[in-house]
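This is start_29.pdb (PDB, C-alpha atoms and all ligand atoms).
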```
ATOM      1  CA  MET A   7       1.198  10.574 -14.618  1.00  0.00           C
ATOM      2  CA  THR A   8       4.076  10.224 -12.152  1.00  0.00           C
ATOM      3  CA  THR A   9       3.884   8.190  -8.974  1.00  0.00           C
ATOM      4  CA  PRO A  10       4.674  10.135  -5.807  1.00  0.00           C
ATOM      5  CA  VAL A  11       7.855   9.025  -4.057  1.00  0.00           C
ATOM      6  CA  ASN A  12       7.180   7.335  -0.736  1.00  0.00           C
ATOM      7  CA  PRO A  13       9.844   8.723   1.617  1.00  0.00           C
ATOM      8  CA  LEU A  14       9.196   5.844   4.014  1.00  0.00           C
ATOM      9  CA  ALA A  15       9.909   2.993   1.608  1.00  0.00           C
ATOM     10  CA  ASN A  16      13.576   2.643   2.577  1.00  0.00           C
ATOM     11  CA  SER A  17      12.987   3.133   6.297  1.00  0.00           C
ATOM     12  CA  HIS A  18      10.177   0.612   6.774  1.00  0.00           C
ATOM     13  CA  GLN A  19      12.552  -1.847   8.510  1.00  0.00           C
ATOM     14  CA  TYR A  20      13.498   0.777  11.107  1.00  0.00           C
ATOM     15  CA  TRP A  21       9.937   1.791  11.926  1.00  0.00           C
ATOM     16  CA  GLU A  22       8.876  -1.840  12.090  1.00  0.00           C
ATOM     17  CA  SER A  23      11.712  -2.558  14.576  1.00  0.00           C
ATOM     18  CA  LEU A  24      10.465   0.277  16.810  1.00  0.00           C
ATOM     19  CA  ARG A  25       7.080  -1.354  16.823  1.00  0.00           C
ATOM     20  CA  THR A  26       8.270  -4.907  17.475  1.00  0.00           C
ATOM     21  CA  GLN A  27      11.440  -4.643  19.596  1.00  0.00           C
ATOM     22  CA  GLY A  28      11.400  -1.186  21.165  1.00  0.00           C
ATOM     23  CA  PHE A  29      14.003   1.511  20.716  1.00  0.00           C
ATOM     24  CA  SER A  30      16.550   0.344  18.215  1.00  0.00           C
ATOM     25  CA  LEU A  31      19.181   1.727  15.912  1.00  0.00           C
ATOM     26  CA  PRO A  32      20.527   0.442  12.610  1.00  0.00           C
ATOM     27  CA  GLN A  33      23.767  -1.475  13.126  1.00  0.00           C
ATOM     28  CA  CYS A  34      26.181  -2.811  10.530  1.00  0.00           C
ATOM     29  CA  GLN A  35      26.567  -6.535  11.106  1.00  0.00           C
ATOM     30  CA  SER A  36      30.042  -6.524   9.535  1.00  0.00           C
ATOM     31  CA  CYS A  37      31.827  -3.767  11.504  1.00  0.00           C
ATOM     32  CA  LYS A  38      29.204  -3.419  14.302  1.00  0.00           C
ATOM     33  CA  THR A  39      28.977   0.376  13.860  1.00  0.00           C
ATOM     34  CA  PHE A  40      25.632   1.914  14.770  1.00  0.00           C
ATOM     35  CA  HIS A  41      24.335   4.617  12.502  1.00  0.00           C
ATOM     36  CA  PHE A  42      21.209   6.684  12.061  1.00  0.00           C
ATOM     37  CA  TYR A  43      19.215   7.137   9.809  1.00  0.00           C
ATOM     38  CA  LEU A  44      18.695   3.735   8.244  1.00  0.00           C
ATOM     39  CA  ARG A  45      20.759   3.466   5.087  1.00  0.00           C
ATOM     40  CA  PRO A  46      20.984   0.639   2.557  1.00  0.00           C
ATOM     41  CA  ALA A  47      24.766   0.392   3.141  1.00  0.00           C
ATOM     42  CA  CYS A  48      27.047   0.958   6.123  1.00  0.00           C
ATOM     43  CA  PRO A  49      28.560   4.488   5.986  1.00  0.00           C
ATOM     44  CA  VAL A  50      31.841   3.082   7.418  1.00  0.00           C
ATOM     45  CA  CYS A  51      32.512  -0.173   5.527  1.00  0.00           C
ATOM     46  CA  ALA A  52      29.802  -0.189   2.807  1.00  0.00           C
ATOM     47  CA  SER A  53      28.439  -3.556   3.926  1.00  0.00           C
ATOM     48  CA  LEU A  54      24.845  -4.198   2.919  1.00  0.00           C
ATOM     49  CA  ASP A  55      24.264  -6.291   6.055  1.00  0.00           C
ATOM     50  CA  ILE A  56      22.366  -3.740   8.157  1.00  0.00           C
ATOM     51  CA  LYS A  57      20.027  -4.737  10.959  1.00  0.00           C
ATOM     52  CA  ALA A  58      17.972  -2.726  13.452  1.00  0.00           C
ATOM     53  CA  VAL A  59      19.321  -3.706  16.886  1.00  0.00           C
ATOM     54  CA  GLU A  60      17.830  -2.927  20.291  1.00  0.00           C
ATOM     55  CA  ALA A  61      19.685   0.046  21.782  1.00  0.00           C
ATOM     56  CA  SER A  62      20.050   1.409  25.306  1.00  0.00           C
ATOM     57  CA  GLY A  63      17.671   4.307  24.750  1.00  0.00           C
ATOM     58  CA  ARG A  64      20.091   6.533  26.651  1.00  0.00           C
ATOM     59  CA  GLY A  65      22.064   9.538  25.553  1.00  0.00           C
ATOM     60  CA  SER A  66      22.786  13.197  26.156  1.00  0.00           C
ATOM     61  CA  VAL A  67      21.538  16.461  24.733  1.00  0.00           C
ATOM     62  CA  TYR A  68      23.926  17.567  21.990  1.00  0.00           C
ATOM     63  CA  SER A  69      21.929  20.655  21.041  1.00  0.00           C
ATOM     64  CA  PHE A  70      18.386  21.942  21.378  1.00  0.00           C
ATOM     65  CA  SER A  71      15.939  24.645  20.419  1.00  0.00           C
ATOM     66  CA  ILE A  72      12.747  25.851  22.063  1.00  0.00           C
ATOM     67  CA  VAL A  73       9.697  26.041  19.799  1.00  0.00           C
ATOM     68  CA  TYR A  74       7.325  28.834  20.784  1.00  0.00           C
ATOM     69  CA  ARG A  75       5.167  28.925  17.651  1.00  0.00           C
ATOM     70  CA  ALA A  76       3.307  25.739  16.747  1.00  0.00           C
ATOM     71  CA  PRO A  77       4.054  24.592  13.191  1.00  0.00           C
ATOM     72  CA  SER A  78       0.510  23.214  12.903  1.00  0.00           C
ATOM     73  CA  ALA A  79      -2.693  23.050  14.924  1.00  0.00           C
ATOM     74  CA  ALA A  80      -1.652  19.594  16.187  1.00  0.00           C
ATOM     75  CA  PHE A  81       1.165  21.190  18.231  1.00  0.00           C
ATOM     76  CA  GLU A  82      -0.681  24.228  19.625  1.00  0.00           C
ATOM     77  CA  LYS A  83      -1.321  22.534  22.962  1.00  0.00           C
ATOM     78  CA  ASP A  84       2.377  21.659  23.307  1.00  0.00           C
ATOM     79  CA  VAL A  85       4.146  25.017  22.871  1.00  0.00           C
ATOM     80  CA  PRO A  86       6.596  25.912  24.153  1.00  0.00           C
ATOM     81  CA  TYR A  87       8.401  22.604  23.660  1.00  0.00           C
ATOM     82  CA  VAL A  88      11.964  21.457  23.118  1.00  0.00           C
ATOM     83  CA  VAL A  89      13.343  19.943  19.911  1.00  0.00           C
ATOM     84  CA  ALA A  90      16.706  18.372  20.632  1.00  0.00           C
ATOM     85  CA  LEU A  91      19.558  16.626  18.901  1.00  0.00           C
ATOM     86  CA  VAL A  92      20.392  13.684  21.170  1.00  0.00           C
ATOM     87  CA  ALA A  93      23.741  11.906  21.034  1.00  0.00           C
ATOM     88  CA  THR A  94      22.838   8.312  21.838  1.00  0.00           C
ATOM     89  CA  ASP A  95      25.241   6.232  23.937  1.00  0.00           C
ATOM     90  CA  GLU A  96      25.682   4.000  20.866  1.00  0.00           C
ATOM     91  CA  GLY A  97      26.990   6.994  18.902  1.00  0.00           C
ATOM     92  CA  PRO A  98      24.380   8.150  16.396  1.00  0.00           C
ATOM     93  CA  HIS A  99      22.688  11.501  16.878  1.00  0.00           C
ATOM     94  CA  LEU A 100      18.972  11.789  16.296  1.00  0.00           C
ATOM     95  CA  MET A 101      16.445  14.591  16.280  1.00  0.00           C
ATOM     96  CA  THR A 102      13.697  14.235  18.847  1.00  0.00           C
ATOM     97  CA  ARG A 103      11.476  16.080  21.273  1.00  0.00           C
ATOM     98  CA  LEU A 104      12.172  16.302  24.987  1.00  0.00           C
ATOM     99  CA  ILE A 105       9.167  15.773  27.226  1.00  0.00           C
ATOM    100  CA  ASN A 106       8.523  15.921  30.971  1.00  0.00           C
ATOM    101  CA  VAL A 107      10.884  18.881  31.318  1.00  0.00           C
ATOM    102  CA  LYS A 108      10.355  22.625  31.212  1.00  0.00           C
ATOM    103  CA  PRO A 109      12.308  24.296  28.387  1.00  0.00           C
ATOM    104  CA  GLU A 110      14.308  26.363  30.881  1.00  0.00           C
ATOM    105  CA  GLY A 111      15.416  23.112  32.546  1.00  0.00           C
ATOM    106  CA  VAL A 112      17.176  21.743  29.452  1.00  0.00           C
ATOM    107  CA  ALA A 113      20.953  21.990  29.106  1.00  0.00           C
ATOM    108  CA  ILE A 114      23.619  20.768  26.718  1.00  0.00           C
ATOM    109  CA  GLY A 115      25.011  17.484  28.036  1.00  0.00           C
ATOM    110  CA  MET A 116      21.878  16.670  30.048  1.00  0.00           C
ATOM    111  CA  ARG A 117      21.362  12.902  30.312  1.00  0.00           C
ATOM    112  CA  VAL A 118      18.162  11.707  28.655  1.00  0.00           C
ATOM    113  CA  VAL A 119      16.370   8.432  28.082  1.00  0.00           C
ATOM    114  CA  VAL A 120      13.703   7.255  25.672  1.00  0.00           C
ATOM    115  CA  SER A 121      10.351   7.900  27.211  1.00  0.00           C
ATOM    116  CA  GLY A 122       8.215   6.182  24.645  1.00  0.00           C
ATOM    117  CA  TRP A 123       6.386   7.051  21.535  1.00  0.00           C
ATOM    118  CA  ARG A 124       3.990   9.881  21.151  1.00  0.00           C
ATOM    119  CA  THR A 125       0.424   8.725  20.988  1.00  0.00           C
ATOM    120  CA  CYS A 126      -0.447   9.998  17.624  1.00  0.00           C
ATOM    121  CA  ASN A 127      -3.947  10.173  16.227  1.00  0.00           C
ATOM    122  CA  ASP A 128      -3.100  12.746  13.603  1.00  0.00           C
ATOM    123  CA  PRO A 129      -2.216  10.891  10.386  1.00  0.00           C
ATOM    124  CA  ALA A 130      -0.097  13.860   9.319  1.00  0.00           C
ATOM    125  CA  GLU A 131       2.289  13.192  12.238  1.00  0.00           C
ATOM    126  CA  GLN A 132       2.430   9.426  11.933  1.00  0.00           C
ATOM    127  CA  VAL A 133       5.393   7.837  10.279  1.00  0.00           C
ATOM    128  CA  SER A 134       3.761   4.481   9.682  1.00  0.00           C
ATOM    129  CA  ASP A 135       0.523   2.963  10.942  1.00  0.00           C
ATOM    130  CA  GLY A 136       0.371   4.979  14.146  1.00  0.00           C
ATOM    131  CA  VAL A 137       4.107   4.859  14.880  1.00  0.00           C
ATOM    132  CA  ALA A 138       5.662   8.231  15.588  1.00  0.00           C
ATOM    133  CA  PRO A 139       9.310   9.021  16.385  1.00  0.00           C
ATOM    134  CA  PRO A 140      10.580   8.135  19.876  1.00  0.00           C
ATOM    135  CA  LEU A 141      10.645  10.915  22.475  1.00  0.00           C
ATOM    136  CA  PHE A 142      13.203  11.467  25.243  1.00  0.00           C
ATOM    137  CA  GLU A 143      12.960  12.791  28.796  1.00  0.00           C
ATOM    138  CA  PRO A 144      15.503  13.629  31.491  1.00  0.00           C
ATOM    139  CA  GLU A 145      17.107  10.460  32.838  1.00  0.00           C
ATOM    140  CA  SER A 146      16.097  11.234  36.417  1.00  0.00           C
ATOM    141  CA  SER A 147      12.377  11.696  35.633  1.00  0.00           C
TER     142      SER A 147
HETATM  143 ZN    ZN A 201      30.101  -1.453   8.577  1.00  0.00          ZN
END
```
Could you render the structure from this file as structure tokens?
Ligand SMILES: [Zn+2]
Amino acid sequence: MTTPVNPLANSHQYWESLRTQGFSLPQCQSCKTFHFYLRPACPVCASLDIKAVEASGRGSVYSFSIVYRAPSAAFEKDVPYVVALVATDEGPHLMTRLINVKPEGVAIGMRVVVSGWRTCNDPAEQVSDGVAPPLFEPESS
């Protein structure tokens, strides 16, 4: 019998940092480059000294898509909603959802800020012990 691979095993440090220190991004402690997703080695200098560091939580919309058809029953109340690729001010891009904005109000380059974490009671959506990915909203909200 094979043991299922836990896709969260290598990212536990990142999710734990979200829980304990707020929005953070992995940063190489040797060359100070931020990157995302959490990797065991720096993609720039290959250092193994990676630490999740508190980040500004600010960025801009790099790209986005409007979801009209819920992928599961858990999202039916949310459609239509916006899935966006946000370029953080620290550099890394991350996939997220935009909240507190109508889909027709979203534009490339729009300034956004971390709004918090989705309250998640559905275990299928949780990343780890109730922690779900951070969400963003327009900076002026
Ligand atoms: Zn580095």
Selected by the PyMOL selection byres (((chain A and resi 19-30) around 6) and not hetatm) in the shown coordinates: which residues, as a PDB file with C-alpha atoms, in the coordinates of the input?
```pdb
ATOM      1  CA  SER A  17      12.987   3.133   6.297  1.00  0.00           C
ATOM      2  CA  HIS A  18      10.177   0.612   6.774  1.00  0.00           C
ATOM      3  CA  LEU A  31      19.181   1.727  15.912  1.00  0.00           C
ATOM      4  CA  ALA A  58      17.972  -2.726  13.452  1.00  0.00           C
ATOM      5  CA  VAL A  59      19.321  -3.706  16.886  1.00  0.00           C
ATOM      6  CA  GLU A  60      17.830  -2.927  20.291  1.00  0.00           C
ATOM      7  CA  ALA A  61      19.685   0.046  21.782  1.00  0.00           C
TER       8      ALA A  61
END
```
In terms of the shortest atom-to-atom distance over only C-alpha atoms and all ligand atoms, which of A:Gly111, A:Pro46, A:Gly122, A:Pro140 is closest to ligand ZN 201 (chain A)? A:Pro46
Using all atoms listed in the file, which residues sit within 9 Å of Ser53 in chain A once same-chain residues fewer than 6 positions away are excluded, as a JSON list (two decimals) with C-alpha atoms, keeping the file's coordinate frame?
```json
[["chain", "number", "residue", "atom", "x", "y", "z"],
["A", 34, "CYS", "CA", 26.18, -2.81, 10.53],
["A", 35, "GLN", "CA", 26.57, -6.54, 11.11],
["A", 36, "SER", "CA", 30.04, -6.52, 9.54],
["A", 37, "CYS", "CA", 31.83, -3.77, 11.50],
["A", 46, "PRO", "CA", 20.98, 0.64, 2.56],
["A", 47, "ALA", "CA", 24.77, 0.39, 3.14]]
```
Can you translate the PyMOL selection byres (((chain A and resi 103) around 10) and not hetatm) into the concrete residues it hits in this file, as a list in words? Phe70, Ser71, Ile72, Tyr87, Val88, Val89, Ala90, Leu91, Val92, Leu100, Met101, Thr102, Leu104, Ile105, Arg124, Pro139, Pro140, Leu141, Phe142 and Glu143 of chain A
I'd like the interatomic distance between CA of Ala79 in chain A and CA of Ser121 in chain A, to a tenth of an Å.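 A separation of 23.5 Å between them.
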Excluding same-chain residues fewer than 2 positions from range 94-97 of chain A, what lies within 10 Å of it counting only C-alpha atoms, as a VMD selection string? chain A and resid 31 33 39 to 42 61 to 68 91 to 92 99 to 100 117 to 120
Can you measure CA of Cys48 in chain A to CA of Met116 in chain A for me? One decimal in Å is fine. 29.1 Å
Centre and edge lengths of an axis-aligned box around all listed atoms of range 46-49 of chain A, with 5 Å added on each side, are to be given in Å to one decimal, as AutoDock Vina command-line options.
```
--center_x 24.8 --center_y 2.4 --center_z 4.3 --size_x 17.6 --size_y 14.1 --size_z 13.6
```
Could you tell me which of A:Pro77, A:Gly115, A:Pro49, A:Pro32 comes closest to ligand ZN 201 (chain A) if we count only C-alpha atoms and all ligand atoms? A:Pro49
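Of the residues under consideration (A:Arg75, A:Ser146, A:Ala93, A:Lys38), A:Lys38 shows the shortest atom-to-atom contact distance to Lys57 in chain A when counting only C-alpha atoms.
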Can you tell me how far CA of Arg45 in chain A sits from CA of Ile114 in chain A, in Å to one decimal?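 A separation of 27.8 Å between them.
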For ligand ZN 201 (chain A), which residue out of A:Val50, A:Asn106, A:Leu44, A:Lys83 is the nearest one, using all atoms listed in the file?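 Checking each candidate against ligand ZN 201 (chain A), we get A:Val50 as the closest.
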Complete the atom set of range 33-61 of chain A to N, CA and C atoms and return it as a compact mmCIF listing (two decimals), keeping the file's coordinate frame.
```txt
# COMPACT_ATOMS: atom_id res chain seq x y z
N GLN A 33 22.39 -1.09 12.83
CA GLN A 33 23.77 -1.48 13.13
C GLN A 33 24.31 -2.33 11.98
N CYS A 34 25.51 -2.01 11.55
CA CYS A 34 26.18 -2.81 10.53
C CYS A 34 26.60 -4.13 11.18
N GLN A 35 26.23 -5.23 10.55
CA GLN A 35 26.57 -6.54 11.11
C GLN A 35 27.99 -6.97 10.76
N SER A 36 28.65 -6.21 9.88
CA SER A 36 30.04 -6.52 9.54
C SER A 36 31.01 -5.83 10.48
N CYS A 37 30.88 -4.50 10.66
CA CYS A 37 31.83 -3.77 11.50
C CYS A 37 31.21 -3.35 12.84
N LYS A 38 29.93 -3.66 13.05
CA LYS A 38 29.20 -3.42 14.30
C LYS A 38 28.99 -1.93 14.61
N THR A 39 29.21 -1.05 13.65
CA THR A 39 28.98 0.38 13.86
C THR A 39 27.48 0.68 13.81
N PHE A 40 27.01 1.42 14.81
CA PHE A 40 25.63 1.91 14.77
C PHE A 40 25.60 3.17 13.92
N HIS A 41 24.52 3.37 13.22
CA HIS A 41 24.34 4.62 12.50
C HIS A 41 22.86 4.97 12.48
N PHE A 42 22.58 6.20 12.17
CA PHE A 42 21.21 6.68 12.06
C PHE A 42 21.24 7.87 11.12
N TYR A 43 20.41 7.83 10.19
CA TYR A 43 19.22 7.14 9.81
C TYR A 43 19.54 5.80 9.12
N LEU A 44 18.51 5.00 8.94
CA LEU A 44 18.70 3.74 8.24
C LEU A 44 19.14 3.98 6.81
N ARG A 45 20.23 3.36 6.45
CA ARG A 45 20.76 3.47 5.09
C ARG A 45 20.87 2.07 4.49
N PRO A 46 20.87 1.97 3.17
CA PRO A 46 20.98 0.64 2.56
C PRO A 46 22.38 0.04 2.72
N ALA A 47 23.40 0.89 2.96
CA ALA A 47 24.77 0.39 3.14
C ALA A 47 25.41 1.09 4.33
N CYS A 48 26.34 0.39 4.98
CA CYS A 48 27.05 0.96 6.12
C CYS A 48 27.88 2.17 5.67
N PRO A 49 27.78 3.31 6.37
CA PRO A 49 28.56 4.49 5.99
C PRO A 49 30.05 4.34 6.31
N VAL A 50 30.43 3.29 7.05
CA VAL A 50 31.84 3.08 7.42
C VAL A 50 32.51 2.07 6.48
N CYS A 51 31.85 0.89 6.29
CA CYS A 51 32.51 -0.17 5.53
C CYS A 51 31.76 -0.58 4.27
N ALA A 52 30.61 0.05 4.01
CA ALA A 52 29.80 -0.19 2.81
C ALA A 52 29.13 -1.56 2.77
N SER A 53 29.15 -2.28 3.88
CA SER A 53 28.44 -3.56 3.93
C SER A 53 26.94 -3.32 3.74
N LEU A 54 26.29 -4.28 3.09
CA LEU A 54 24.84 -4.20 2.92
C LEU A 54 24.11 -4.94 4.03
N ASP A 55 24.85 -5.50 4.97
CA ASP A 55 24.26 -6.29 6.06
C ASP A 55 23.94 -5.37 7.23
N ILE A 56 22.80 -4.69 7.15
CA ILE A 56 22.37 -3.74 8.16
C ILE A 56 21.14 -4.31 8.86
N LYS A 57 21.14 -4.20 10.19
CA LYS A 57 20.03 -4.74 10.96
C LYS A 57 19.68 -3.75 12.06
N ALA A 58 18.39 -3.56 12.33
CA ALA A 58 17.97 -2.73 13.45
C ALA A 58 18.16 -3.53 14.73
N VAL A 59 18.97 -3.00 15.66
CA VAL A 59 19.32 -3.71 16.89
C VAL A 59 18.83 -2.91 18.09
N GLU A 60 18.30 -3.59 19.08
CA GLU A 60 17.83 -2.93 20.29
C GLU A 60 18.97 -2.10 20.89
N ALA A 61 18.68 -0.86 21.24
CA ALA A 61 19.68 0.05 21.78
C ALA A 61 19.31 0.43 23.21
```
